[in-house]
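Colleague: File name run06.cif; file contents mmCIF, C-alpha atoms; full text below.
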```cif
data_entry
loop_
_atom_site.group_PDB
_atom_site.id
_atom_site.type_symbol
_atom_site.label_atom_id
_atom_site.label_comp_id
_atom_site.auth_asym_id
_atom_site.auth_seq_id
_atom_site.Cartn_x
_atom_site.Cartn_y
_atom_site.Cartn_z
ATOM 1 C CA MET A 1 87.219 98.569 132.338
ATOM 2 C CA ARG A 2 86.803 100.640 135.481
ATOM 3 C CA PRO A 3 89.107 99.406 138.288
ATOM 4 C CA ALA A 4 87.457 97.818 141.323
ATOM 5 C CA PRO A 5 87.010 100.249 144.245
ATOM 6 C CA LYS A 6 89.743 100.047 146.835
ATOM 7 C CA PRO A 7 88.777 99.118 150.418
ATOM 8 C CA VAL A 8 88.663 102.019 152.822
ATOM 9 C CA ASP A 9 91.953 102.373 154.726
ATOM 10 C CA ASP A 10 91.450 101.664 158.448
ATOM 11 C CA ILE A 11 93.728 104.596 159.279
ATOM 12 C CA THR A 12 91.349 107.049 157.646
ATOM 13 C CA LEU A 13 88.166 105.100 158.307
ATOM 14 C CA ARG A 14 85.473 107.501 159.433
ATOM 15 C CA MET A 15 82.002 106.468 158.492
ATOM 16 C CA ILE A 16 78.525 107.932 158.705
ATOM 17 C CA ALA A 17 75.251 106.480 159.920
ATOM 18 C CA ASN A 18 71.737 107.705 159.247
ATOM 19 C CA ALA A 19 68.153 106.490 159.740
ATOM 20 C CA ARG A 20 66.195 109.222 157.996
ATOM 21 C CA MET A 21 63.763 106.787 156.395
ATOM 22 C CA TYR A 22 62.341 105.926 159.820
ATOM 23 C CA SER A 23 63.036 109.160 161.688
ATOM 24 C CA VAL A 24 59.370 109.952 161.226
ATOM 25 C CA THR A 25 58.993 111.955 164.449
ATOM 26 C CA PRO A 26 61.481 113.752 166.725
ATOM 27 C CA GLU A 27 61.160 110.906 169.244
ATOM 28 C CA ALA A 28 61.877 108.213 166.656
ATOM 29 C CA ALA A 29 64.762 110.255 165.230
ATOM 30 C CA ALA A 30 66.352 110.624 168.680
ATOM 31 C CA ALA A 31 66.031 106.890 169.406
ATOM 32 C CA TRP A 32 67.537 105.909 166.048
ATOM 33 C CA LYS A 33 70.395 108.342 166.537
ATOM 34 C CA ALA A 34 71.171 106.933 169.980
ATOM 35 C CA LEU A 35 70.990 103.344 168.736
ATOM 36 C CA LEU A 36 73.263 103.968 165.746
ATOM 37 C CA GLN A 37 75.733 105.875 167.901
ATOM 38 C CA GLU A 38 75.889 102.893 170.245
ATOM 39 C CA VAL A 39 76.519 100.516 167.339
ATOM 40 C CA LEU A 40 79.349 102.641 165.936
ATOM 41 C CA LEU A 41 80.888 102.904 169.393
ATOM 42 C CA ARG A 42 80.789 99.165 169.995
ATOM 43 C CA ALA A 43 82.168 98.458 166.517
ATOM 44 C CA LYS A 44 85.089 100.804 167.195
ATOM 45 C CA ILE A 45 84.420 102.493 163.873
ATOM 46 C CA GLY A 46 85.245 106.157 163.843
ATOM 47 C CA GLY A 47 82.240 108.044 162.596
ATOM 48 C CA GLU A 48 79.082 109.932 163.392
ATOM 49 C CA VAL A 49 75.346 109.751 163.018
ATOM 50 C CA ILE A 50 74.524 112.581 160.648
ATOM 51 C CA ASP A 51 71.328 114.520 160.136
ATOM 52 C CA TYR A 52 70.038 114.368 156.578
ATOM 53 C CA PRO A 53 66.508 115.791 156.672
ATOM 54 C CA ALA A 54 64.035 115.837 153.813
ATOM 55 C CA PRO A 55 63.877 117.051 151.127
ATOM 56 C CA ALA A 56 67.602 116.324 150.631
ATOM 57 C CA PRO A 57 67.707 113.476 148.064
ATOM 58 C CA LEU A 58 68.405 110.059 149.532
ATOM 59 C CA GLU A 59 70.001 109.086 146.225
ATOM 60 C CA ALA A 60 72.867 111.479 146.953
ATOM 61 C CA LEU A 61 73.321 109.940 150.395
ATOM 62 C CA TRP A 62 73.441 106.391 149.021
ATOM 63 C CA GLN A 63 76.224 107.333 146.598
ATOM 64 C CA ARG A 64 78.626 108.351 149.359
ATOM 65 C CA ALA A 65 81.769 106.289 149.899
ATOM 66 C CA ASP A 66 81.698 106.719 153.685
ATOM 67 C CA LEU A 67 78.473 104.865 154.453
ATOM 68 C CA GLY A 68 78.814 102.925 157.682
ATOM 69 C CA CYS A 69 75.159 102.014 158.319
ATOM 70 C CA VAL A 70 72.451 103.918 156.476
ATOM 71 C CA PHE A 71 68.874 102.934 155.664
ATOM 72 C CA MET A 72 68.089 102.196 152.018
ATOM 73 C CA CYS A 73 64.770 101.428 150.355
ATOM 74 C CA GLY A 74 64.574 97.861 149.092
ATOM 75 C CA LEU A 75 63.663 98.805 145.515
ATOM 76 C CA PRO A 76 66.831 100.738 144.603
ATOM 77 C CA PHE A 77 68.810 98.091 146.467
ATOM 78 C CA SER A 78 67.235 95.355 144.357
ATOM 79 C CA LEU A 79 68.099 97.266 141.190
ATOM 80 C CA GLY A 80 71.759 97.559 142.165
ATOM 81 C CA LEU A 81 71.796 101.290 141.540
ATOM 82 C CA PHE A 82 74.257 102.213 144.294
ATOM 83 C CA PRO A 83 77.664 100.866 145.471
ATOM 84 C CA VAL A 84 76.465 99.415 148.767
ATOM 85 C CA ALA A 85 76.559 96.148 150.696
ATOM 86 C CA PRO A 86 73.728 94.849 152.915
ATOM 87 C CA LEU A 87 74.144 94.865 156.682
ATOM 88 C CA VAL A 88 70.917 94.131 158.546
ATOM 89 C CA ALA A 89 67.167 94.626 158.327
ATOM 90 C CA PRO A 90 64.983 95.636 161.287
ATOM 91 C CA VAL A 91 62.420 93.257 162.772
ATOM 92 C CA PRO A 92 59.423 95.253 164.049
ATOM 93 C CA LEU A 93 57.635 94.109 167.204
ATOM 94 C CA HIS A 94 54.315 93.947 165.394
ATOM 95 C CA SER A 95 53.719 91.511 162.562
ATOM 96 C CA LEU A 96 53.649 93.696 159.471
ATOM 97 C CA GLY A 97 54.277 91.155 156.737
ATOM 98 C CA GLU A 98 54.910 87.448 156.303
ATOM 99 C CA GLY A 99 57.876 86.614 158.497
ATOM 100 C CA ALA A 100 60.665 88.459 160.281
ATOM 101 C CA GLY A 101 62.066 91.442 158.439
ATOM 102 C CA THR A 102 59.045 91.916 156.182
ATOM 103 C CA TYR A 103 56.399 94.611 155.942
ATOM 104 C CA ARG A 104 53.504 95.972 153.915
ATOM 105 C CA SER A 105 52.308 99.400 152.877
ATOM 106 C CA ARG A 106 49.081 100.536 154.506
ATOM 107 C CA LEU A 107 46.656 102.225 152.114
ATOM 108 C CA ILE A 108 44.991 104.957 154.113
ATOM 109 C CA VAL A 109 42.033 107.299 153.733
ATOM 110 C CA ALA A 110 40.616 109.990 156.002
ATOM 111 C CA GLN A 111 38.759 108.699 159.060
ATOM 112 C CA ASP A 112 35.552 110.417 157.913
ATOM 113 C CA SER A 113 35.981 109.393 154.283
ATOM 114 C CA PRO A 114 33.012 107.637 152.615
ATOM 115 C CA PHE A 115 35.352 105.044 151.073
ATOM 116 C CA GLN A 116 35.087 101.523 152.485
ATOM 117 C CA ARG A 117 36.799 99.559 149.713
ATOM 118 C CA LEU A 118 39.872 100.308 147.629
ATOM 119 C CA GLU A 119 37.886 100.228 144.399
ATOM 120 C CA GLU A 120 35.758 103.130 145.631
ATOM 121 C CA THR A 121 38.822 105.389 145.628
ATOM 122 C CA PHE A 122 39.444 104.952 141.894
ATOM 123 C CA GLY A 123 38.938 108.153 139.943
ATOM 124 C CA HIS A 124 39.862 110.254 142.965
ATOM 125 C CA ARG A 125 43.128 111.800 144.221
ATOM 126 C CA LEU A 126 46.172 109.772 145.167
ATOM 127 C CA ALA A 127 49.174 110.885 147.264
ATOM 128 C CA PHE A 128 52.608 109.233 147.037
ATOM 129 C CA THR A 129 56.103 109.682 148.431
ATOM 130 C CA ASN A 130 58.492 109.089 145.530
ATOM 131 C CA PRO A 131 58.412 107.065 142.273
ATOM 132 C CA GLU A 132 61.699 105.415 143.307
ATOM 133 C CA SER A 133 60.167 104.154 146.569
ATOM 134 C CA HIS A 134 58.768 100.684 147.046
ATOM 135 C CA SER A 135 56.518 101.408 150.035
ATOM 136 C CA GLY A 136 55.388 104.821 148.830
ATOM 137 C CA TYR A 137 54.812 104.032 145.152
ATOM 138 C CA SER A 138 55.839 100.705 143.613
ATOM 139 C CA ALA A 139 54.051 98.532 146.173
ATOM 140 C CA LEU A 140 50.736 100.251 145.446
ATOM 141 C CA ARG A 141 51.325 100.107 141.704
ATOM 142 C CA HIS A 142 51.843 96.340 141.932
ATOM 143 C CA HIS A 143 48.767 96.002 144.158
ATOM 144 C CA LEU A 144 46.618 97.814 141.596
ATOM 145 C CA LEU A 145 47.576 95.683 138.566
ATOM 146 C CA PRO A 146 44.618 93.274 138.903
ATOM 147 C CA PHE A 147 42.234 96.229 138.736
ATOM 148 C CA LEU A 148 43.520 97.511 135.403
ATOM 149 C CA ALA A 149 41.172 96.797 132.528
ATOM 150 C CA THR A 150 42.722 95.799 129.207
ATOM 151 C CA GLY A 151 44.318 98.833 127.615
ATOM 152 C CA LYS A 152 43.724 101.001 130.682
ATOM 153 C CA HIS A 153 46.748 102.663 132.276
ATOM 154 C CA GLN A 154 45.242 104.927 134.923
ATOM 155 C CA LEU A 155 43.007 104.393 137.943
ATOM 156 C CA TYR A 156 43.244 107.783 139.660
ATOM 157 C CA ALA A 157 42.316 111.236 138.408
ATOM 158 C CA THR A 158 45.411 112.919 139.851
ATOM 159 C CA ALA A 159 48.511 112.013 141.837
ATOM 160 C CA LEU A 160 49.924 114.387 144.439
ATOM 161 C CA GLY A 161 53.683 114.058 144.851
ATOM 162 C CA PRO A 162 56.453 113.447 145.283
ATOM 163 C CA LEU A 163 55.725 114.195 148.948
ATOM 164 C CA ILE A 164 59.011 112.505 150.005
ATOM 165 C CA THR A 165 57.965 111.294 153.476
ATOM 166 C CA PRO A 166 55.175 109.040 154.813
ATOM 167 C CA ARG A 167 54.133 111.752 157.257
ATOM 168 C CA ARG A 168 53.442 114.183 154.412
ATOM 169 C CA VAL A 169 51.222 111.561 152.759
ATOM 170 C CA VAL A 170 49.243 111.309 156.005
ATOM 171 C CA GLU A 171 49.050 115.092 156.258
ATOM 172 C CA ALA A 172 47.826 115.387 152.665
ATOM 173 C CA ILE A 173 44.958 113.028 153.403
ATOM 174 C CA VAL A 174 44.095 114.692 156.717
ATOM 175 C CA SER A 175 44.075 118.123 155.072
ATOM 176 C CA GLY A 176 41.856 116.947 152.219
ATOM 177 C CA SER A 177 44.497 117.471 149.528
ATOM 178 C CA ALA A 178 44.338 113.775 148.614
ATOM 179 C CA ASP A 179 41.891 110.917 149.124
ATOM 180 C CA ILE A 180 44.160 107.886 149.475
ATOM 181 C CA GLY A 181 47.853 107.120 149.803
ATOM 182 C CA PRO A 182 50.336 104.387 150.741
ATOM 183 C CA VAL A 183 52.283 104.522 154.002
ATOM 184 C CA ASP A 184 55.166 102.201 154.916
ATOM 185 C CA GLY A 185 53.769 99.822 157.544
ATOM 186 C CA TYR A 186 56.597 100.313 160.036
ATOM 187 C CA ALA A 187 56.488 104.092 159.594
ATOM 188 C CA PHE A 188 52.729 103.846 160.201
ATOM 189 C CA GLU A 189 53.384 102.089 163.530
ATOM 190 C CA LEU A 190 55.915 104.697 164.641
ATOM 191 C CA LEU A 191 53.631 107.559 163.663
ATOM 192 C CA SER A 192 50.741 105.924 165.521
ATOM 193 C CA ARG A 193 52.842 105.707 168.679
ATOM 194 C CA TYR A 194 54.247 109.220 168.661
ATOM 195 C CA GLU A 195 51.565 111.148 166.735
ATOM 196 C CA PRO A 196 48.316 109.483 167.878
ATOM 197 C CA GLU A 197 46.164 112.564 167.320
ATOM 198 C CA LEU A 198 47.324 112.814 163.715
ATOM 199 C CA MET A 199 46.904 109.103 163.027
ATOM 200 C CA ARG A 200 43.427 108.955 164.565
ATOM 201 C CA GLN A 201 42.331 111.081 161.626
ATOM 202 C CA VAL A 202 43.109 108.336 159.095
ATOM 203 C CA ARG A 203 42.207 104.658 158.748
ATOM 204 C CA VAL A 204 43.560 101.712 156.787
ATOM 205 C CA ILE A 205 41.446 100.609 153.856
ATOM 206 C CA ASP A 206 43.777 97.966 152.411
ATOM 207 C CA SER A 207 47.371 96.690 152.510
ATOM 208 C CA THR A 208 49.860 95.732 149.816
ATOM 209 C CA ALA A 209 51.709 92.445 149.400
ATOM 210 C CA SER A 210 54.357 91.466 151.932
ATOM 211 C CA ALA A 211 57.903 92.540 151.047
ATOM 212 C CA PRO A 212 61.371 92.553 152.629
ATOM 213 C CA MET A 213 61.967 95.544 154.893
ATOM 214 C CA PRO A 214 64.187 98.477 153.925
ATOM 215 C CA LEU A 215 67.670 97.617 155.120
ATOM 216 C CA LEU A 216 70.732 99.199 156.623
ATOM 217 C CA VAL A 217 73.642 99.175 154.186
ATOM 218 C CA SER A 218 77.303 100.133 154.184
ATOM 219 C CA ALA A 219 79.554 101.296 151.386
ATOM 220 C CA ALA A 220 80.723 98.363 149.285
ATOM 221 C CA THR A 221 84.289 99.453 150.047
ATOM 222 C CA LEU A 222 83.939 98.990 153.798
ATOM 223 C CA PRO A 223 86.327 96.144 154.745
ATOM 224 C CA PRO A 224 84.425 92.842 155.102
ATOM 225 C CA GLU A 225 85.616 92.349 158.677
ATOM 226 C CA LYS A 226 84.157 95.733 159.646
ATOM 227 C CA ARG A 227 80.894 94.818 157.977
ATOM 228 C CA THR A 228 80.777 91.519 159.863
ATOM 229 C CA THR A 229 81.471 93.313 163.135
ATOM 230 C CA LEU A 230 78.588 95.705 162.523
ATOM 231 C CA GLN A 231 76.255 92.831 161.710
ATOM 232 C CA GLN A 232 77.183 90.929 164.858
ATOM 233 C CA ILE A 233 76.600 93.996 167.007
ATOM 234 C CA PHE A 234 73.179 94.645 165.491
ATOM 235 C CA LEU A 235 72.204 90.998 166.031
ATOM 236 C CA SER A 236 73.308 91.135 169.682
ATOM 237 C CA LEU A 237 71.082 94.111 170.529
ATOM 238 C CA GLU A 238 67.971 91.948 170.891
ATOM 239 C CA HIS A 239 69.464 90.266 173.957
ATOM 240 C CA ASP A 240 71.081 93.329 175.551
ATOM 241 C CA PRO A 241 69.068 94.919 178.402
ATOM 242 C CA ARG A 242 71.207 98.068 178.119
ATOM 243 C CA VAL A 243 69.496 98.994 174.835
ATOM 244 C CA ALA A 244 66.071 97.515 175.553
ATOM 245 C CA ASN A 245 64.629 100.999 176.051
ATOM 246 C CA LEU A 246 65.840 102.085 172.611
ATOM 247 C CA LEU A 247 64.436 99.008 170.878
ATOM 248 C CA ASN A 248 61.149 99.550 172.677
ATOM 249 C CA ALA A 249 61.087 103.202 171.652
ATOM 250 C CA LEU A 250 61.563 102.078 168.048
ATOM 251 C CA LEU A 251 59.006 99.249 168.296
ATOM 252 C CA LEU A 252 61.699 96.758 167.334
ATOM 253 C CA LYS A 253 62.382 93.187 168.357
ATOM 254 C CA GLY A 254 65.853 93.305 166.828
ATOM 255 C CA PHE A 255 67.605 92.830 163.494
ATOM 256 C CA ILE A 256 68.327 90.049 161.003
ATOM 257 C CA ILE A 257 70.892 89.628 158.242
ATOM 258 C CA PRO A 258 68.916 89.954 154.994
ATOM 259 C CA ASP A 259 69.376 87.760 151.941
ATOM 260 C CA PRO A 260 69.915 90.033 148.910
ATOM 261 C CA VAL A 261 68.104 87.466 146.740
ATOM 262 C CA ASP A 262 64.874 88.140 148.644
ATOM 263 C CA TYR A 263 64.872 91.734 147.384
ATOM 264 C CA GLN A 264 64.735 90.725 143.735
ATOM 265 C CA VAL A 265 60.963 90.383 144.059
ATOM 266 C CA LEU A 266 60.772 94.171 144.363
ATOM 267 C CA ALA A 267 62.565 94.683 141.053
ATOM 268 C CA GLN A 268 60.365 92.020 139.463
ATOM 269 C CA ARG A 269 57.166 93.670 140.678
ATOM 270 C CA ALA A 270 58.288 97.059 139.370
ATOM 271 C CA ASP A 271 59.284 95.575 136.037
ATOM 272 C CA ASN A 272 56.000 93.701 135.762
ATOM 273 C CA ALA A 273 54.029 96.916 136.230
ATOM 274 C CA CYS A 274 56.049 98.670 133.534
ATOM 275 C CA GLN A 275 55.658 95.693 131.188
ATOM 276 C CA GLN A 276 51.897 96.013 131.578
ATOM 277 C CA GLY A 277 52.065 99.700 130.711
ATOM 278 C CA TYR A 278 51.497 100.913 134.279
ATOM 279 C CA SER A 279 54.697 102.851 134.800
ATOM 280 C CA HIS A 280 52.909 105.821 136.408
ATOM 281 C CA LEU A 281 50.198 105.736 139.050
ATOM 282 C CA ALA A 282 48.353 108.658 137.460
#
```
Please lay out the structure from this file as structure tokens.
Modeller:
Amino acid sequence: MRPAPKPVDDITLRMIANARMYSVTPEAAAAWKALLQEVLLRAKIGGEVIDYPAPAPLEALWQRADLGCVFMCGLPFSLGLFPVAPLVAPVPLHSLGEGAGTYRSRLIVAQDSPFQRLEETFGHRLAFTNPESHSGYSALRHHLLPFLATGKHQLYATALGPLITPRRVVEAIVSGSADIGPVDGYAFELLSRYEPELMRQVRVIDSTASAPMPLLVSAATLPPEKRTTLQQIFLSLEHDPRVANLLNALLLKGFIIPDPVDYQVLAQRADNACQQGYSHLA
């Protein structure tokens, strides 16, 4: 039996933070970096906010033992694939799902596209971020299950990807390389704020089921008291006028402590699609 991981020694504690999943524009990236730096400073945790731009694999980031607060997609979290512990989940200003800390994927087409209903896009070209992503792949796959005829395992002619980021899905549709694609609802809001000209060229045709937001996690070996400190600091930001400008820049109300049980629905939806023979979108 493999021995349990040892807690990180406070003497050598130096952790990293990263918000690549929602650093969808330079402005959003700068605001996330400033916010995470402030959290690390207040928590008195030695560390730094690192850059980890695409296409570097997020899976390699999530395996690191020095995670202080790093965004993770809810699907791999629900599957228990990485040695992490949950910290907090963001609460966007706009209602994106059903309750605080939830969201949906927006299914988008080009603004001048002839498609008015999701069903009209079947047989055409789909763009996606990554098969391991909930918002960029699994959420759409679950949404499409009712449309699958008995014995049918494909609704689209081709699938363009992995494109890695939501922005590249938008760009693929704007350029005409794809006809439809899913975009994380919170990423959609950030892109709409900071890239309005780009986002005016697409429109939402449908949305997927509500799901718990991607969450910030730490390494499982981070001492529990450090984890609690980080959580308390994130929760306090909502009421702190000193960071109100950063929360506003990120279109956030604040943060909540997520219940890991809530994320099991993501694993169940993915498993259900595979059980029905719909493991691949196209």
Colleague: Given the choices A:Ile164, A:Arg64, A:Gln111, A:Ala178, which gets closest to His124 (chain A) if the distance is worked out from only C-alpha atoms?
Modeller: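 For His124 (chain A), the nearest of the given residues is A:Ala178.
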Colleague: Hey, what's within 8 Å of region 143-146 of chain A if we count only C-alpha atoms and toss same-chain stuff fewer than 6 positions away? As a VMD selection string, please?
Modeller: chain A and resid 208 to 209 273 278
Colleague: Smallest atom-to-atom distance to Gln276 (chain A): which of A:Ala30, A:Leu126, A:Leu235, A:Ala149, using only C-alpha atoms?
Modeller: A:Ala149
Colleague: Please measure the separation of CA of Phe234 (chain A) and CA of Tyr103 (chain A), giving the value in Å to one decimal.
Modeller: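 Between CA of Phe234 (chain A) and CA of Tyr103 (chain A) the gap works out to 19.3 Å.
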Colleague: Written as a count of residues only, which residues does the PyMOL selection byres ((chain A and resi 185) around 12) give for the file shown?
Modeller: 42
Colleague: If you measure from CA of Ser133 (chain A) to CA of Met72 (chain A), what distance in Å do you get, rounded to one decimal?
Modeller: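 A separation of 9.8 Å between them.
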Colleague: Could you state which residues are captured by the PyMOL selection byres ((chain A and resi 28) around 10) in this file, as a list of chain:residue names?
Modeller: A:Ala19, A:Arg20, A:Tyr22, A:Ser23, A:Val24, A:Thr25, A:Pro26, A:Glu27, A:Ala29, A:Ala30, A:Ala31, A:Trp32, A:Lys33, A:Ala34, A:Ala187, A:Leu190, A:Leu191, A:Arg193, A:Tyr194, A:Leu246, A:Ala249, A:Leu250, A:Leu251
Colleague: Between CA of Ala267 (chain A) and CA of Arg227 (chain A), what is the distance in Å, rounded to a tenth?
Modeller: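 Computed distance, CA of Ala267 (chain A) to CA of Arg227 (chain A), equals 24.9 Å.
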Colleague: Using only C-alpha atoms, which protein or nucleic acid residues come within 10 Å of Pro260 (chain A)? Drop anything in the same chain fewer than 4 positions from it, and give the result as a list in words.
Modeller: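 Neighbouring residues, sequence-local ones excluded: Gly74, Phe77, Ser78, Ala85, Pro86, Pro212 and Gln264 of chain A.
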Colleague: Save out the residues we just selected, C-alpha atoms, as a short mmCIF file (atom, residue, chain, number, x, y, z; two decimals), keeping the file's coordinate frame.
Modeller:
```
data_model
loop_
_atom_site.label_atom_id
_atom_site.label_comp_id
_atom_site.auth_asym_id
_atom_site.auth_seq_id
_atom_site.Cartn_x
_atom_site.Cartn_y
_atom_site.Cartn_z
CA GLY A 74 64.57 97.86 149.09
CA PHE A 77 68.81 98.09 146.47
CA SER A 78 67.24 95.36 144.36
CA ALA A 85 76.56 96.15 150.70
CA PRO A 86 73.73 94.85 152.92
CA PRO A 212 61.37 92.55 152.63
CA GLN A 264 64.74 90.72 143.74
#
```
Colleague: Between A:Lys44, A:Phe71, A:Arg141, A:Ala159, which has the minimum distance to Pro90 (chain A) (counting all atoms listed in the file)?
Modeller: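 Selected residue with least distance to Pro90 (chain A): A:Phe71.
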Colleague: Smallest atom-to-atom distance to Leu252 (chain A): which of A:Ala172, A:Leu81, A:Leu163, A:Val91, using all atoms listed in the file?
Modeller: A:Val91
Colleague: Quick one: of A:Leu75, A:Ala219, A:Ala89, A:Leu67, who's nearest to Leu266 (chain A), counting all atoms listed in the file?
Modeller: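 Using all atoms listed in the file, the shortest distance to Leu266 (chain A) belongs to A:Leu75.
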Colleague: Please check which residues have atoms at most 8 Å from (37.4, 107.5, 137.3) in the file's coordinates, counting only C-alpha atoms, and write them as a PDB file with C-alpha atoms, keeping the file's coordinate frame.
Modeller:
```pdb
ATOM      1  CA  PHE A 122      39.444 104.952 141.894  1.00  0.00           C
ATOM      2  CA  GLY A 123      38.938 108.153 139.943  1.00  0.00           C
ATOM      3  CA  HIS A 124      39.862 110.254 142.965  1.00  0.00           C
ATOM      4  CA  LEU A 155      43.007 104.393 137.943  1.00  0.00           C
ATOM      5  CA  TYR A 156      43.244 107.783 139.660  1.00  0.00           C
ATOM      6  CA  ALA A 157      42.316 111.236 138.408  1.00  0.00           C
TER       7      ALA A 157
END
```
Colleague: Any idea what's packed within 12 Å of Thr158 (chain A), counting all atoms listed in the file, ignoring anything in its chain fewer than 4 positions away? Could you give it as a PyMOL selection string?
Modeller: chain A and resi 121-128+154+177-181+280-282
Colleague: Which of these residues is nearest to Pro55 (chain A), using only C-alpha atoms: A:Ser138, A:Asn18, A:Thr228, A:Asn130?
Modeller: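 Nearest candidate to Pro55 (chain A) out of A:Ser138, A:Asn18, A:Thr228, A:Asn130: A:Asn130.
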Colleague: Neighbouring residues of Leu40 (chain A) were defined as those with any atom within 12 Å, considering all atoms listed in the file; residues of the same chain fewer than 2 positions away were excluded. Please report them as number ranges by chain.
Modeller: A: 13-18, 33-38, 42-49, 67-70, 226-227, 229-234
